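Asks: File follows, final-v4.cif with mmCIF, C-alpha atoms:
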```cif
data_my_file
loop_
_atom_site.group_PDB
_atom_site.id
_atom_site.type_symbol
_atom_site.label_atom_id
_atom_site.label_comp_id
_atom_site.auth_asym_id
_atom_site.auth_seq_id
_atom_site.Cartn_x
_atom_site.Cartn_y
_atom_site.Cartn_z
ATOM 1 C CA MET A 1 -93.448 -3.988 221.383
ATOM 2 C CA SER A 2 -96.682 -2.332 220.148
ATOM 3 C CA ALA A 3 -99.855 -2.641 222.185
ATOM 4 C CA ASP A 4 -102.451 -5.164 221.116
ATOM 5 C CA PRO A 5 -105.311 -3.231 219.471
ATOM 6 C CA ASN A 6 -107.704 -6.019 220.480
ATOM 7 C CA PHE A 7 -107.340 -5.336 224.182
ATOM 8 C CA GLY A 8 -109.936 -6.602 226.612
ATOM 9 C CA ARG A 9 -112.832 -4.532 227.850
ATOM 10 C CA THR A 10 -115.191 -4.831 230.788
ATOM 11 C CA ILE A 11 -118.835 -4.581 229.749
ATOM 12 C CA GLN A 12 -121.428 -4.266 232.476
ATOM 13 C CA LEU A 13 -124.915 -5.561 231.692
ATOM 14 C CA PHE A 14 -127.394 -4.525 234.371
ATOM 15 C CA LEU A 15 -130.891 -6.044 234.468
ATOM 16 C CA VAL A 16 -132.825 -3.053 235.766
ATOM 17 C CA ASP A 17 -135.861 -5.048 236.925
ATOM 18 C CA GLY A 18 -134.006 -8.324 237.428
ATOM 19 C CA LYS A 19 -135.454 -9.965 234.305
ATOM 20 C CA PRO A 20 -133.424 -10.976 231.212
ATOM 21 C CA SER A 21 -136.337 -9.889 229.024
ATOM 22 C CA GLY A 22 -136.830 -6.594 230.834
ATOM 23 C CA LEU A 23 -135.038 -3.266 230.660
ATOM 24 C CA ARG A 24 -131.254 -3.648 230.358
ATOM 25 C CA LYS A 25 -128.518 -1.086 230.901
ATOM 26 C CA VAL A 26 -125.147 -1.586 229.208
ATOM 27 C CA THR A 27 -121.935 0.310 229.940
ATOM 28 C CA ILE A 28 -118.208 -0.108 229.340
ATOM 29 C CA HIS A 29 -115.725 0.676 232.074
ATOM 30 C CA GLY A 30 -114.181 4.076 231.391
ATOM 31 C CA TRP A 31 -116.718 5.041 228.686
ATOM 32 C CA THR A 32 -119.291 7.787 229.224
ATOM 33 C CA GLY A 33 -121.820 6.108 226.939
ATOM 34 C CA ILE A 34 -125.000 4.604 228.391
ATOM 35 C CA VAL A 35 -127.010 2.119 226.350
ATOM 36 C CA PHE A 36 -130.501 0.990 227.314
ATOM 37 C CA VAL A 37 -132.276 -1.938 225.631
ATOM 38 C CA SER A 38 -135.938 -2.822 225.935
ATOM 39 C CA GLY A 39 -138.748 -4.705 224.271
ATOM 40 C CA ALA A 40 -142.322 -3.470 224.052
ATOM 41 C CA SER A 41 -143.202 -4.610 227.584
ATOM 42 C CA ALA A 42 -140.459 -2.492 229.161
ATOM 43 C CA PHE A 43 -140.719 0.478 226.796
ATOM 44 C CA GLY A 44 -142.463 2.665 229.361
ATOM 45 C CA LYS A 45 -139.657 2.082 231.845
ATOM 46 C CA LEU A 46 -137.133 2.963 229.131
ATOM 47 C CA THR A 47 -138.663 6.333 228.280
ATOM 48 C CA ASN A 48 -139.079 7.207 231.973
ATOM 49 C CA ARG A 49 -135.348 6.941 232.673
ATOM 50 C CA ASP A 50 -133.652 10.269 233.384
ATOM 51 C CA GLU A 51 -130.601 9.169 231.360
ATOM 52 C CA VAL A 52 -132.777 8.732 228.260
ATOM 53 C CA ASP A 53 -134.165 12.272 228.501
ATOM 54 C CA ARG A 54 -130.876 13.529 227.108
ATOM 55 C CA THR A 55 -129.311 14.236 223.716
ATOM 56 C CA GLY A 56 -128.318 11.077 221.878
ATOM 57 C CA VAL A 57 -129.367 8.502 219.308
ATOM 58 C CA TYR A 58 -131.770 5.589 219.252
ATOM 59 C CA ILE A 59 -132.311 2.428 217.222
ATOM 60 C CA LEU A 60 -135.505 0.480 216.603
ATOM 61 C CA SER A 61 -135.064 -3.050 215.272
ATOM 62 C CA GLY A 62 -137.280 -5.975 214.410
ATOM 63 C CA PRO A 63 -138.183 -8.513 211.708
ATOM 64 C CA ASP A 64 -138.246 -7.107 208.197
ATOM 65 C CA PRO A 65 -141.836 -7.461 206.917
ATOM 66 C CA GLU A 66 -140.601 -7.436 203.320
ATOM 67 C CA GLU A 67 -137.767 -9.985 203.633
ATOM 68 C CA THR A 68 -138.174 -13.387 205.269
ATOM 69 C CA GLY A 69 -135.601 -13.796 208.028
ATOM 70 C CA GLY A 70 -134.284 -10.268 207.568
ATOM 71 C CA THR A 71 -133.951 -7.442 210.094
ATOM 72 C CA ARG A 72 -135.265 -3.924 209.682
ATOM 73 C CA VAL A 73 -133.764 -0.995 211.583
ATOM 74 C CA TYR A 74 -134.595 2.662 212.094
ATOM 75 C CA ILE A 75 -131.907 5.031 213.397
ATOM 76 C CA GLY A 76 -132.719 8.458 214.817
ATOM 77 C CA SER A 77 -131.435 11.194 217.098
ATOM 78 C CA GLY A 78 -132.845 13.955 219.271
ATOM 79 C CA ASN A 79 -132.245 16.438 222.022
ATOM 80 C CA SER A 80 -134.515 14.288 224.167
ATOM 81 C CA VAL A 81 -134.120 10.687 223.060
ATOM 82 C CA SER A 82 -137.070 9.589 225.187
ATOM 83 C CA ALA A 83 -139.408 12.028 223.428
ATOM 84 C CA ARG A 84 -138.168 11.218 219.918
ATOM 85 C CA ILE A 85 -138.210 7.446 220.304
ATOM 86 C CA ALA A 86 -141.746 7.601 221.746
ATOM 87 C CA GLN A 87 -142.831 9.408 218.570
ATOM 88 C CA SER A 88 -140.962 6.984 216.296
ATOM 89 C CA VAL A 89 -142.501 3.786 217.660
ATOM 90 C CA LEU A 90 -145.987 5.106 216.853
ATOM 91 C CA LYS A 91 -145.008 5.358 213.171
ATOM 92 C CA ARG A 92 -143.375 1.916 212.900
ATOM 93 C CA ASP A 93 -144.998 -1.416 213.657
ATOM 94 C CA PHE A 94 -142.041 -3.669 212.782
ATOM 95 C CA TRP A 95 -139.966 -2.941 215.881
ATOM 96 C CA GLU A 96 -139.460 -5.413 218.691
ATOM 97 C CA THR A 97 -136.344 -3.941 220.319
ATOM 98 C CA ALA A 98 -135.643 -0.335 221.278
ATOM 99 C CA ILE A 99 -132.095 0.847 221.962
ATOM 100 C CA THR A 100 -131.107 4.272 223.276
ATOM 101 C CA VAL A 101 -127.586 5.733 223.406
ATOM 102 C CA THR A 102 -126.805 8.741 225.599
ATOM 103 C CA THR A 103 -124.018 9.702 228.009
ATOM 104 C CA SER A 104 -123.583 9.731 231.764
ATOM 105 C CA ASP A 105 -122.417 13.377 231.763
ATOM 106 C CA ASP A 106 -124.935 14.598 229.135
ATOM 107 C CA ASP A 107 -122.125 16.069 227.043
ATOM 108 C CA LEU A 108 -123.463 15.197 223.584
ATOM 109 C CA SER A 109 -124.635 18.240 221.634
ATOM 110 C CA LYS A 110 -127.238 18.187 218.870
ATOM 111 C CA GLY A 111 -124.384 18.314 216.351
ATOM 112 C CA HIS A 112 -122.653 15.365 218.013
ATOM 113 C CA ALA A 113 -125.848 13.292 217.968
ATOM 114 C CA GLU A 114 -126.614 14.109 214.329
ATOM 115 C CA TYR A 115 -123.067 13.197 213.308
ATOM 116 C CA LEU A 116 -123.314 9.914 215.232
ATOM 117 C CA GLU A 117 -126.702 9.189 213.642
ATOM 118 C CA ALA A 118 -125.286 9.813 210.155
ATOM 119 C CA ARG A 119 -122.282 7.566 210.803
ATOM 120 C CA LEU A 120 -124.492 4.749 212.116
ATOM 121 C CA ILE A 121 -126.632 4.917 208.981
ATOM 122 C CA GLU A 122 -123.523 5.048 206.796
ATOM 123 C CA LEU A 123 -121.933 2.021 208.468
ATOM 124 C CA ALA A 124 -125.191 0.040 208.430
ATOM 125 C CA ILE A 125 -125.491 0.593 204.677
ATOM 126 C CA GLU A 126 -121.863 -0.459 204.152
ATOM 127 C CA ALA A 127 -122.326 -3.636 206.220
ATOM 128 C CA GLY A 128 -125.520 -4.577 204.378
ATOM 129 C CA ARG A 129 -126.804 -6.797 207.173
ATOM 130 C CA VAL A 130 -130.096 -4.985 207.821
ATOM 131 C CA SER A 131 -132.731 -3.084 205.872
ATOM 132 C CA LEU A 132 -132.976 0.573 206.898
ATOM 133 C CA ASP A 133 -136.383 2.114 207.485
ATOM 134 C CA ASN A 134 -134.846 5.597 207.219
ATOM 135 C CA ALA A 135 -136.196 7.587 204.277
ATOM 136 C CA THR A 136 -133.052 9.729 204.070
ATOM 137 C CA ASN A 137 -129.337 9.084 204.356
ATOM 138 C CA PRO A 138 -127.674 12.170 205.856
ATOM 139 C CA GLY A 139 -123.989 12.003 204.936
ATOM 140 C CA ALA A 140 -121.610 12.391 207.879
ATOM 141 C CA GLU A 141 -119.530 14.851 205.839
ATOM 142 C CA ARG A 142 -122.513 17.219 205.879
ATOM 143 C CA ARG A 143 -122.553 17.204 209.674
ATOM 144 C CA ARG A 144 -119.979 19.897 210.203
ATOM 145 C CA LEU A 145 -118.092 19.310 213.434
ATOM 146 C CA PRO A 146 -114.674 20.538 214.517
ATOM 147 C CA GLU A 147 -111.947 18.004 213.809
ATOM 148 C CA ALA A 148 -111.405 17.273 217.505
ATOM 149 C CA ASP A 149 -115.131 16.657 218.030
ATOM 150 C CA GLN A 150 -115.244 14.258 215.080
ATOM 151 C CA ALA A 151 -112.336 12.304 216.559
ATOM 152 C CA ASN A 152 -114.118 12.090 219.917
ATOM 153 C CA ILE A 153 -117.353 10.849 218.351
ATOM 154 C CA GLU A 154 -115.473 8.285 216.260
ATOM 155 C CA GLN A 155 -113.954 6.945 219.485
ATOM 156 C CA PHE A 156 -117.434 6.923 221.025
ATOM 157 C CA LEU A 157 -118.640 5.004 217.969
ATOM 158 C CA ALA A 158 -115.818 2.469 218.343
ATOM 159 C CA ASN A 159 -117.177 1.496 221.760
ATOM 160 C CA LEU A 160 -120.728 1.380 220.431
ATOM 161 C CA LYS A 161 -119.576 -1.092 217.752
ATOM 162 C CA ILE A 162 -118.552 -3.395 220.607
ATOM 163 C CA VAL A 163 -121.757 -2.995 222.601
ATOM 164 C CA LEU A 164 -124.299 -3.528 219.812
ATOM 165 C CA PRO A 165 -123.294 -7.145 218.989
ATOM 166 C CA VAL A 166 -123.286 -7.949 222.719
ATOM 167 C CA ILE A 167 -126.977 -6.999 222.888
ATOM 168 C CA GLY A 168 -127.740 -8.973 219.736
ATOM 169 C CA LEU A 169 -127.620 -6.353 216.973
ATOM 170 C CA GLU A 170 -124.844 -6.885 214.414
ATOM 171 C CA MET A 171 -125.908 -4.189 211.978
ATOM 172 C CA LEU A 172 -122.441 -2.572 211.927
ATOM 173 C CA LYS A 173 -120.368 -5.735 211.575
ATOM 174 C CA PRO A 174 -118.447 -5.620 208.264
ATOM 175 C CA GLN A 175 -119.073 -8.441 205.831
ATOM 176 C CA PRO A 176 -116.343 -11.121 205.634
ATOM 177 C CA ALA A 177 -113.598 -10.405 203.096
ATOM 178 C CA ALA A 178 -114.823 -13.387 201.069
ATOM 179 C CA ILE A 179 -117.956 -11.336 200.423
ATOM 180 C CA SER A 180 -116.912 -7.694 200.633
ATOM 181 C CA GLU A 181 -113.805 -7.714 198.415
ATOM 182 C CA LYS A 182 -115.841 -7.907 195.216
ATOM 183 C CA SER A 183 -113.071 -6.574 192.967
ATOM 184 C CA LYS A 184 -110.923 -9.623 193.719
ATOM 185 C CA THR A 185 -111.254 -13.128 192.326
ATOM 186 C CA VAL A 186 -112.496 -15.946 194.541
ATOM 187 C CA GLU A 187 -108.945 -17.293 194.781
ATOM 188 C CA GLU A 188 -107.641 -13.903 195.943
ATOM 189 C CA ARG A 189 -110.429 -13.468 198.500
ATOM 190 C CA ILE A 190 -109.797 -16.833 200.158
ATOM 191 C CA LEU A 191 -106.003 -16.730 199.932
ATOM 192 C CA ASN A 192 -104.386 -18.238 203.066
ATOM 193 C CA LYS A 193 -107.786 -19.481 204.298
ATOM 194 C CA THR A 194 -108.683 -23.144 204.720
ATOM 195 C CA THR A 195 -111.314 -24.140 202.157
ATOM 196 C CA PHE A 196 -114.014 -26.654 203.059
ATOM 197 C CA GLU A 197 -116.154 -28.629 200.674
ATOM 198 C CA ILE A 198 -119.176 -30.889 200.571
ATOM 199 C CA ARG A 199 -118.813 -33.853 198.223
ATOM 200 C CA HIS A 200 -122.183 -35.573 198.117
ATOM 201 C CA LYS A 201 -123.232 -38.776 196.339
ATOM 202 C CA SER A 202 -125.704 -36.681 194.350
ATOM 203 C CA ALA A 203 -122.652 -34.977 192.774
ATOM 204 C CA VAL A 204 -123.555 -31.657 194.387
ATOM 205 C CA ARG A 205 -120.421 -29.625 195.172
ATOM 206 C CA ALA A 206 -120.151 -26.720 197.589
ATOM 207 C CA TYR A 207 -117.176 -24.758 198.904
ATOM 208 C CA ALA A 208 -116.813 -22.523 201.937
ATOM 209 C CA VAL A 209 -114.399 -20.695 204.225
ATOM 210 C CA GLU A 210 -114.699 -19.655 207.846
ATOM 211 C CA GLU A 211 -114.104 -16.023 208.703
ATOM 212 C CA ASP A 212 -114.672 -14.092 211.927
ATOM 213 C CA GLY A 213 -117.194 -16.585 213.297
ATOM 214 C CA GLU A 214 -119.186 -16.907 210.067
ATOM 215 C CA PHE A 215 -119.255 -19.742 207.561
ATOM 216 C CA VAL A 216 -119.170 -18.317 204.023
ATOM 217 C CA VAL A 217 -120.377 -20.506 201.157
ATOM 218 C CA LEU A 218 -118.675 -19.310 197.984
ATOM 219 C CA GLU A 219 -120.252 -18.385 194.673
ATOM 220 C CA GLY A 220 -120.448 -21.246 192.193
ATOM 221 C CA SER A 221 -121.365 -23.702 194.947
ATOM 222 C CA GLU A 222 -124.384 -25.932 194.382
ATOM 223 C CA ALA A 223 -127.372 -26.862 196.533
ATOM 224 C CA LEU A 224 -129.885 -29.681 196.250
ATOM 225 C CA LYS A 225 -133.601 -29.016 195.849
ATOM 226 C CA ASP A 226 -136.834 -30.900 196.303
ATOM 227 C CA THR A 227 -135.240 -33.776 198.223
ATOM 228 C CA GLY A 228 -138.508 -34.438 200.042
ATOM 229 C CA TYR A 229 -137.049 -34.333 203.561
ATOM 230 C CA VAL A 230 -139.655 -33.122 206.046
ATOM 231 C CA GLN A 231 -137.079 -32.177 208.697
ATOM 232 C CA GLN A 232 -135.590 -29.003 207.265
ATOM 233 C CA SER A 233 -135.136 -26.311 209.901
ATOM 234 C CA TYR A 234 -133.618 -23.876 207.417
ATOM 235 C CA SER A 235 -136.255 -24.027 204.681
ATOM 236 C CA GLY A 236 -137.264 -20.450 205.459
ATOM 237 C CA LEU A 237 -133.672 -19.288 205.048
ATOM 238 C CA LYS A 238 -133.363 -21.198 201.781
ATOM 239 C CA ASP A 239 -136.545 -19.557 200.473
ATOM 240 C CA ARG A 240 -135.067 -16.196 201.422
ATOM 241 C CA LEU A 241 -131.886 -16.943 199.468
ATOM 242 C CA ILE A 242 -133.959 -17.940 196.438
ATOM 243 C CA GLU A 243 -136.090 -14.804 196.667
ATOM 244 C CA GLY A 244 -132.963 -12.671 196.981
ATOM 245 C CA GLY A 245 -131.355 -14.174 193.890
ATOM 246 C CA ILE A 246 -128.469 -15.662 195.848
ATOM 247 C CA LEU A 247 -129.635 -19.177 194.907
ATOM 248 C CA THR A 248 -130.735 -19.607 191.297
ATOM 249 C CA ASN A 249 -132.397 -22.572 189.625
ATOM 250 C CA GLN A 250 -130.193 -24.557 187.245
ATOM 251 C CA ASP A 251 -131.078 -26.919 184.402
ATOM 252 C CA ASN A 252 -129.313 -29.787 186.182
ATOM 253 C CA GLY A 253 -131.947 -29.918 188.923
ATOM 254 C CA LYS A 254 -129.850 -28.041 191.466
ATOM 255 C CA PHE A 255 -129.499 -24.519 192.790
ATOM 256 C CA ARG A 256 -126.364 -22.424 192.292
ATOM 257 C CA PHE A 257 -124.925 -19.766 194.606
ATOM 258 C CA GLU A 258 -124.637 -16.679 192.402
ATOM 259 C CA ARG A 259 -122.724 -14.826 195.100
ATOM 260 C CA PRO A 260 -121.166 -15.767 198.453
ATOM 261 C CA TYR A 261 -123.341 -15.917 201.546
ATOM 262 C CA ALA A 262 -122.352 -15.882 205.234
ATOM 263 C CA PHE A 263 -124.133 -18.440 207.418
ATOM 264 C CA ASN A 264 -124.018 -18.335 211.206
ATOM 265 C CA SER A 265 -122.843 -21.947 211.448
ATOM 266 C CA PRO A 266 -121.502 -24.842 209.327
ATOM 267 C CA SER A 267 -124.739 -26.742 210.012
ATOM 268 C CA ALA A 268 -126.919 -23.933 208.649
ATOM 269 C CA ALA A 269 -124.772 -23.921 205.509
ATOM 270 C CA SER A 270 -124.883 -27.686 205.024
ATOM 271 C CA ALA A 271 -128.653 -27.789 205.644
ATOM 272 C CA VAL A 272 -129.216 -25.347 202.788
ATOM 273 C CA VAL A 273 -126.755 -27.171 200.511
ATOM 274 C CA LEU A 274 -128.149 -30.669 201.224
ATOM 275 C CA ASP A 275 -131.795 -29.574 201.623
ATOM 276 C CA ARG A 276 -132.134 -31.360 204.950
ATOM 277 C CA ASN A 277 -131.078 -31.022 208.544
ATOM 278 C CA SER A 278 -127.454 -32.047 208.883
ATOM 279 C CA ASN A 279 -124.427 -31.781 211.141
ATOM 280 C CA GLY A 280 -122.183 -29.381 209.273
ATOM 281 C CA ARG A 281 -119.278 -30.182 211.545
ATOM 282 C CA ILE A 282 -118.942 -33.575 209.859
ATOM 283 C CA GLU A 283 -120.538 -32.837 206.471
ATOM 284 C CA TRP A 284 -117.968 -30.172 205.606
ATOM 285 C CA LYS A 285 -114.450 -31.495 204.969
ATOM 286 C CA VAL A 286 -111.167 -29.774 204.303
ATOM 287 C CA LYS A 287 -110.883 -29.548 200.530
ATOM 288 C CA ASN A 288 -109.226 -32.578 198.922
ATOM 289 C CA SER A 289 -109.027 -34.481 202.215
ATOM 290 C CA LYS A 290 -111.136 -36.656 204.524
ATOM 291 C CA GLN A 291 -110.637 -34.357 207.505
ATOM 292 C CA THR A 292 -113.959 -33.020 208.793
ATOM 293 C CA TYR A 293 -114.502 -29.467 209.978
ATOM 294 C CA HIS A 294 -114.832 -30.892 213.502
ATOM 295 C CA GLU A 295 -111.427 -32.590 213.305
ATOM 296 C CA TRP A 296 -109.806 -29.533 211.710
ATOM 297 C CA GLN A 297 -111.136 -27.284 214.467
ATOM 298 C CA HIS A 298 -109.826 -29.535 217.252
ATOM 299 C CA ILE A 299 -106.384 -29.670 215.647
ATOM 300 C CA ARG A 300 -106.328 -25.853 215.590
ATOM 301 C CA ILE A 301 -107.334 -25.712 219.248
ATOM 302 C CA GLY A 302 -104.512 -28.101 220.152
ATOM 303 C CA ARG A 303 -101.968 -26.014 218.271
ATOM 304 C CA LYS A 304 -103.057 -22.830 220.026
ATOM 305 C CA GLU A 305 -102.777 -24.515 223.423
ATOM 306 C CA GLU A 306 -99.271 -25.730 222.592
ATOM 307 C CA ALA A 307 -98.252 -22.237 221.445
ATOM 308 C CA GLU A 308 -99.414 -20.785 224.735
#
```
Could I get this file's structure written as C-alpha cells?
Replies:
Amino acid sequence: MSADPNFGRTIQLFLVDGKPSGLRKVTIHGWTGIVFVSGASAFGKLTNRDEVDRTGVYILSGPDPEETGGTRVYIGSGNSVSARIAQSVLKRDFWETAITVTTSDDDLSKGHAEYLEARLIELAIEAGRVSLDNATNPGAERRRLPEADQANIEQFLANLKIVLPVIGLEMLKPQPAAISEKSKTVEERILNKTTFEIRHKSAVRAYAVEEDGEFVVLEGSEALKDTGYVQQSYSGLKDRLIEGGILTNQDNGKFRFERPYAFNSPSAASAVVLDRNSNGRIEWKVKNSKQTYHEWQHIRIGRKEEAE
C-alpha cells in the first residue's frame, strides 16, 4: 500500500515575547527552515534576531491600497535578510506583517535564496490571490542551480507552502478547479461535485460548489442589488466584485457573475447574492432539492464517522 501523501506534520508556533500579537517563530519538526512573523510593533525584535541575519527570503504583506479588501505583497531575498527587510519597509507603506524565512544551519546560498524568491513570485502570480508590489518577475528558470539543489529548494518550498497559511497568508494556495480550469466548461469543472443553489422569491438564481474549504459561486449566477437592507456586512466585498468586473449590472435589475468567485464561507456568498446578511448554511440548498447546506454537511459527517 502506498504512503499517504497528506501525512501529518508537527508545526511549532512559539510566541517569543508571550503575546499573540508579538514576534512569532514557526518551525516544522525535521525541517531546517525558520520562519519569523511580526507586525510593526515587534519589527525591531525581528531584525535583531541572529537567525534573521542570514541568507534567505522575506515577505511584506498588508491591505492593497488600490483594491478594496485585497492584499498586497512584496517578496525579496538577501544575504542578510534583516538588513534587506529593514530597507524594504522604508520604501513601502502598505505593509502590516513582516515574514522572514531562513534556516537553522544557515545553509542557504545567495543562489538558493534567489531561486526561492523567484519561485515564490511565480507561484503567487499563478494563484492570483494577492497583488504583487514587485516591479520585476525573475523567472526561476533563469536562476541556474544544479539539479540536486533545485530539488532540495523545491522540498523546502513544499514545507513553506504549509507554514504560510498557518500564519494567515494564503498567497500560494492554488485557486479551486472551478475557477482555475478555464479551458473546461462549467459542467466539466464541477463534475462529481455537489452543486448548491439559491432559489429566492425575487427570482434571483445562484449556483455554487464547495472546494477545499472555499465556497465558489459559479459564473452566470445572479445577485440582488439595492435591496435597502442596512445590515450588510459584506457590502465592501460586493463593491470590490463590482469594481473588478466579476459582478456586472444587468437590465433586469440584478447583477450577474461574469466569472466564478471563491468566498470564504457560504454566508459570505449568500450575503452578496441576497444583498443582506444571511445564514448561508440554510440559504444554500442542494440543487433541485430542499436539503440545506447545513443538512448536507451533517449527512457527510455521519457517513465519514460510519466509514471509520
Asks: Starting from the displayed file, determine the output of the PyMOL selection byres ((chain A and resi 8-13) around 10) and express the residue list as a short mmCIF file (atom, residue, chain, number, x, y, z; two decimals) with C-alpha atoms, in the coordinates of the input.
Replies:
```
data_model
loop_
_atom_site.label_atom_id
_atom_site.label_comp_id
_atom_site.auth_asym_id
_atom_site.auth_seq_id
_atom_site.Cartn_x
_atom_site.Cartn_y
_atom_site.Cartn_z
CA ASP A 4 -102.45 -5.16 221.12
CA PRO A 5 -105.31 -3.23 219.47
CA ASN A 6 -107.70 -6.02 220.48
CA PHE A 7 -107.34 -5.34 224.18
CA PHE A 14 -127.39 -4.53 234.37
CA LEU A 15 -130.89 -6.04 234.47
CA VAL A 16 -132.82 -3.05 235.77
CA ARG A 24 -131.25 -3.65 230.36
CA LYS A 25 -128.52 -1.09 230.90
CA VAL A 26 -125.15 -1.59 229.21
CA THR A 27 -121.94 0.31 229.94
CA ILE A 28 -118.21 -0.11 229.34
CA HIS A 29 -115.72 0.68 232.07
CA GLY A 30 -114.18 4.08 231.39
CA TRP A 31 -116.72 5.04 228.69
CA VAL A 35 -127.01 2.12 226.35
CA PHE A 36 -130.50 0.99 227.31
CA ASN A 159 -117.18 1.50 221.76
CA ILE A 162 -118.55 -3.40 220.61
CA VAL A 163 -121.76 -3.00 222.60
CA VAL A 166 -123.29 -7.95 222.72
CA ILE A 167 -126.98 -7.00 222.89
#
```
Asks: Calculate, to one decimal in Å, the centre and edge lengths of the box along x, y and z of the file that holds all listed atoms of region 271-282 of chain A with 8 Å of margin on each side, and present them as AutoDock Vina command-line options.
Replies:
```
--center_x -125.5 --center_y -29.5 --center_z 206.0 --size_x 29.2 --size_y 24.2 --size_z 27.0
```
Asks: Which residue is closest to Ile179 (chain A)? Choose from A:His112, A:Arg259, A:Arg276, A:Arg119 and count only C-alpha atoms.
Replies: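 Smallest separation from Ile179 (chain A) among the options: A:Arg259.
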Asks: Report, in Å to a single decimal, how far apart CA of Gly220 (chain A) and CA of His294 (chain A) are.
Replies: 24.1 Å
Asks: Given the PyMOL selection byres ((chain A and resi 287) around 9) and the file above, list the residues it selects as a ChimeraX atom specification.
Replies: /A:194-198,207,284-286,288-291
Asks: Could you tell me how far CA of Gln297 (chain A) sits from CA of Gln175 (chain A), in Å to one decimal place?
Replies: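 A separation of 22.2 Å between them.
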Asks: Specify as a CSV table (one decimal) with C-alpha atoms, in the coordinates of the input each residue included when the PyMOL selection byres ((chain A and resi 260-269) around 10) is applied to this file.
Replies:
```csv
chain,number,residue,atom,x,y,z
A,175,GLN,CA,-119.1,-8.4,205.8
A,176,PRO,CA,-116.3,-11.1,205.6
A,178,ALA,CA,-114.8,-13.4,201.1
A,179,ILE,CA,-118.0,-11.3,200.4
A,180,SER,CA,-116.9,-7.7,200.6
A,186,VAL,CA,-112.5,-15.9,194.5
A,196,PHE,CA,-114.0,-26.7,203.1
A,206,ALA,CA,-120.2,-26.7,197.6
A,207,TYR,CA,-117.2,-24.8,198.9
A,208,ALA,CA,-116.8,-22.5,201.9
A,209,VAL,CA,-114.4,-20.7,204.2
A,210,GLU,CA,-114.7,-19.7,207.8
A,211,GLU,CA,-114.1,-16.0,208.7
A,213,GLY,CA,-117.2,-16.6,213.3
A,214,GLU,CA,-119.2,-16.9,210.1
A,215,PHE,CA,-119.3,-19.7,207.6
A,216,VAL,CA,-119.2,-18.3,204.0
A,217,VAL,CA,-120.4,-20.5,201.2
A,218,LEU,CA,-118.7,-19.3,198.0
A,219,GLU,CA,-120.3,-18.4,194.7
A,220,GLY,CA,-120.4,-21.2,192.2
A,221,SER,CA,-121.4,-23.7,194.9
A,223,ALA,CA,-127.4,-26.9,196.5
A,233,SER,CA,-135.1,-26.3,209.9
A,234,TYR,CA,-133.6,-23.9,207.4
A,237,LEU,CA,-133.7,-19.3,205.0
A,238,LYS,CA,-133.4,-21.2,201.8
A,241,LEU,CA,-131.9,-16.9,199.5
A,246,ILE,CA,-128.5,-15.7,195.8
A,247,LEU,CA,-129.6,-19.2,194.9
A,257,PHE,CA,-124.9,-19.8,194.6
A,258,GLU,CA,-124.6,-16.7,192.4
A,259,ARG,CA,-122.7,-14.8,195.1
A,270,SER,CA,-124.9,-27.7,205.0
A,271,ALA,CA,-128.7,-27.8,205.6
A,272,VAL,CA,-129.2,-25.3,202.8
A,273,VAL,CA,-126.8,-27.2,200.5
A,274,LEU,CA,-128.1,-30.7,201.2
A,275,ASP,CA,-131.8,-29.6,201.6
A,276,ARG,CA,-132.1,-31.4,205.0
A,277,ASN,CA,-131.1,-31.0,208.5
A,278,SER,CA,-127.5,-32.0,208.9
A,279,ASN,CA,-124.4,-31.8,211.1
A,280,GLY,CA,-122.2,-29.4,209.3
A,281,ARG,CA,-119.3,-30.2,211.5
A,282,ILE,CA,-118.9,-33.6,209.9
A,283,GLU,CA,-120.5,-32.8,206.5
A,284,TRP,CA,-118.0,-30.2,205.6
A,293,TYR,CA,-114.5,-29.5,210.0
A,294,HIS,CA,-114.8,-30.9,213.5
```
Asks: Quick one, how far is CA of Trp296 (chain A) from CA of Val204 (chain A)?
Replies: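 These atoms are spaced 22.2 Å apart.
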Asks: What are the closest atom pairs, with distances in Å to one decimal, for all residues of region 155-174 of chain A lying within 12 Å of region 52-73 of chain A? Consider all atoms listed in the file, order rows by chain and residue number, and present the result as CSV.
Replies:
```
residue,atom,partner,partner_atom,distance
A:Phe156,CA,A:Gly56,CA,11.7
A:Leu157,CA,A:Val57,CA,11.4
A:Leu160,CA,A:Val57,CA,11.3
A:Leu164,CA,A:Ile59,CA,10.3
A:Ile167,CA,A:Ser61,CA,11.8
A:Gly168,CA,A:Ser61,CA,10.4
A:Leu169,CA,A:Ser61,CA,8.3
A:Glu170,CA,A:Thr71,CA,10.1
A:Met171,CA,A:Val73,CA,8.5
A:Leu172,CA,A:Val73,CA,11.4
```
Asks: With distances taken over only C-alpha atoms, which of A:Val89, A:Ala113, A:Leu191, A:Leu132 is nearest to Ala177 (chain A)?
Replies: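 Among A:Val89, A:Ala113, A:Leu191, A:Leu132, it is A:Leu191 that comes nearest to Ala177 (chain A).
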Asks: For region 207-213 of chain A, supply N, CA and C atoms and report the output as a short mmCIF file (atom, residue, chain, number, x, y, z; two decimals), keeping the file's coordinate frame.
Replies:
```
data_model
loop_
_atom_site.label_atom_id
_atom_site.label_comp_id
_atom_site.auth_asym_id
_atom_site.auth_seq_id
_atom_site.Cartn_x
_atom_site.Cartn_y
_atom_site.Cartn_z
N TYR A 207 -118.46 -25.17 198.33
CA TYR A 207 -117.18 -24.76 198.90
C TYR A 207 -117.40 -23.58 199.85
N ALA A 208 -116.61 -23.55 200.93
CA ALA A 208 -116.81 -22.52 201.94
C ALA A 208 -115.52 -22.23 202.68
N VAL A 209 -115.49 -21.06 203.33
CA VAL A 209 -114.40 -20.70 204.22
C VAL A 209 -115.01 -20.14 205.51
N GLU A 210 -114.25 -20.22 206.58
CA GLU A 210 -114.70 -19.66 207.85
C GLU A 210 -113.97 -18.35 208.09
N GLU A 211 -114.72 -17.33 208.48
CA GLU A 211 -114.10 -16.02 208.70
C GLU A 211 -114.85 -15.27 209.79
N ASP A 212 -114.13 -14.91 210.84
CA ASP A 212 -114.67 -14.09 211.93
C ASP A 212 -116.00 -14.65 212.46
N GLY A 213 -116.02 -15.96 212.69
CA GLY A 213 -117.19 -16.58 213.30
C GLY A 213 -118.33 -16.88 212.35
#
```
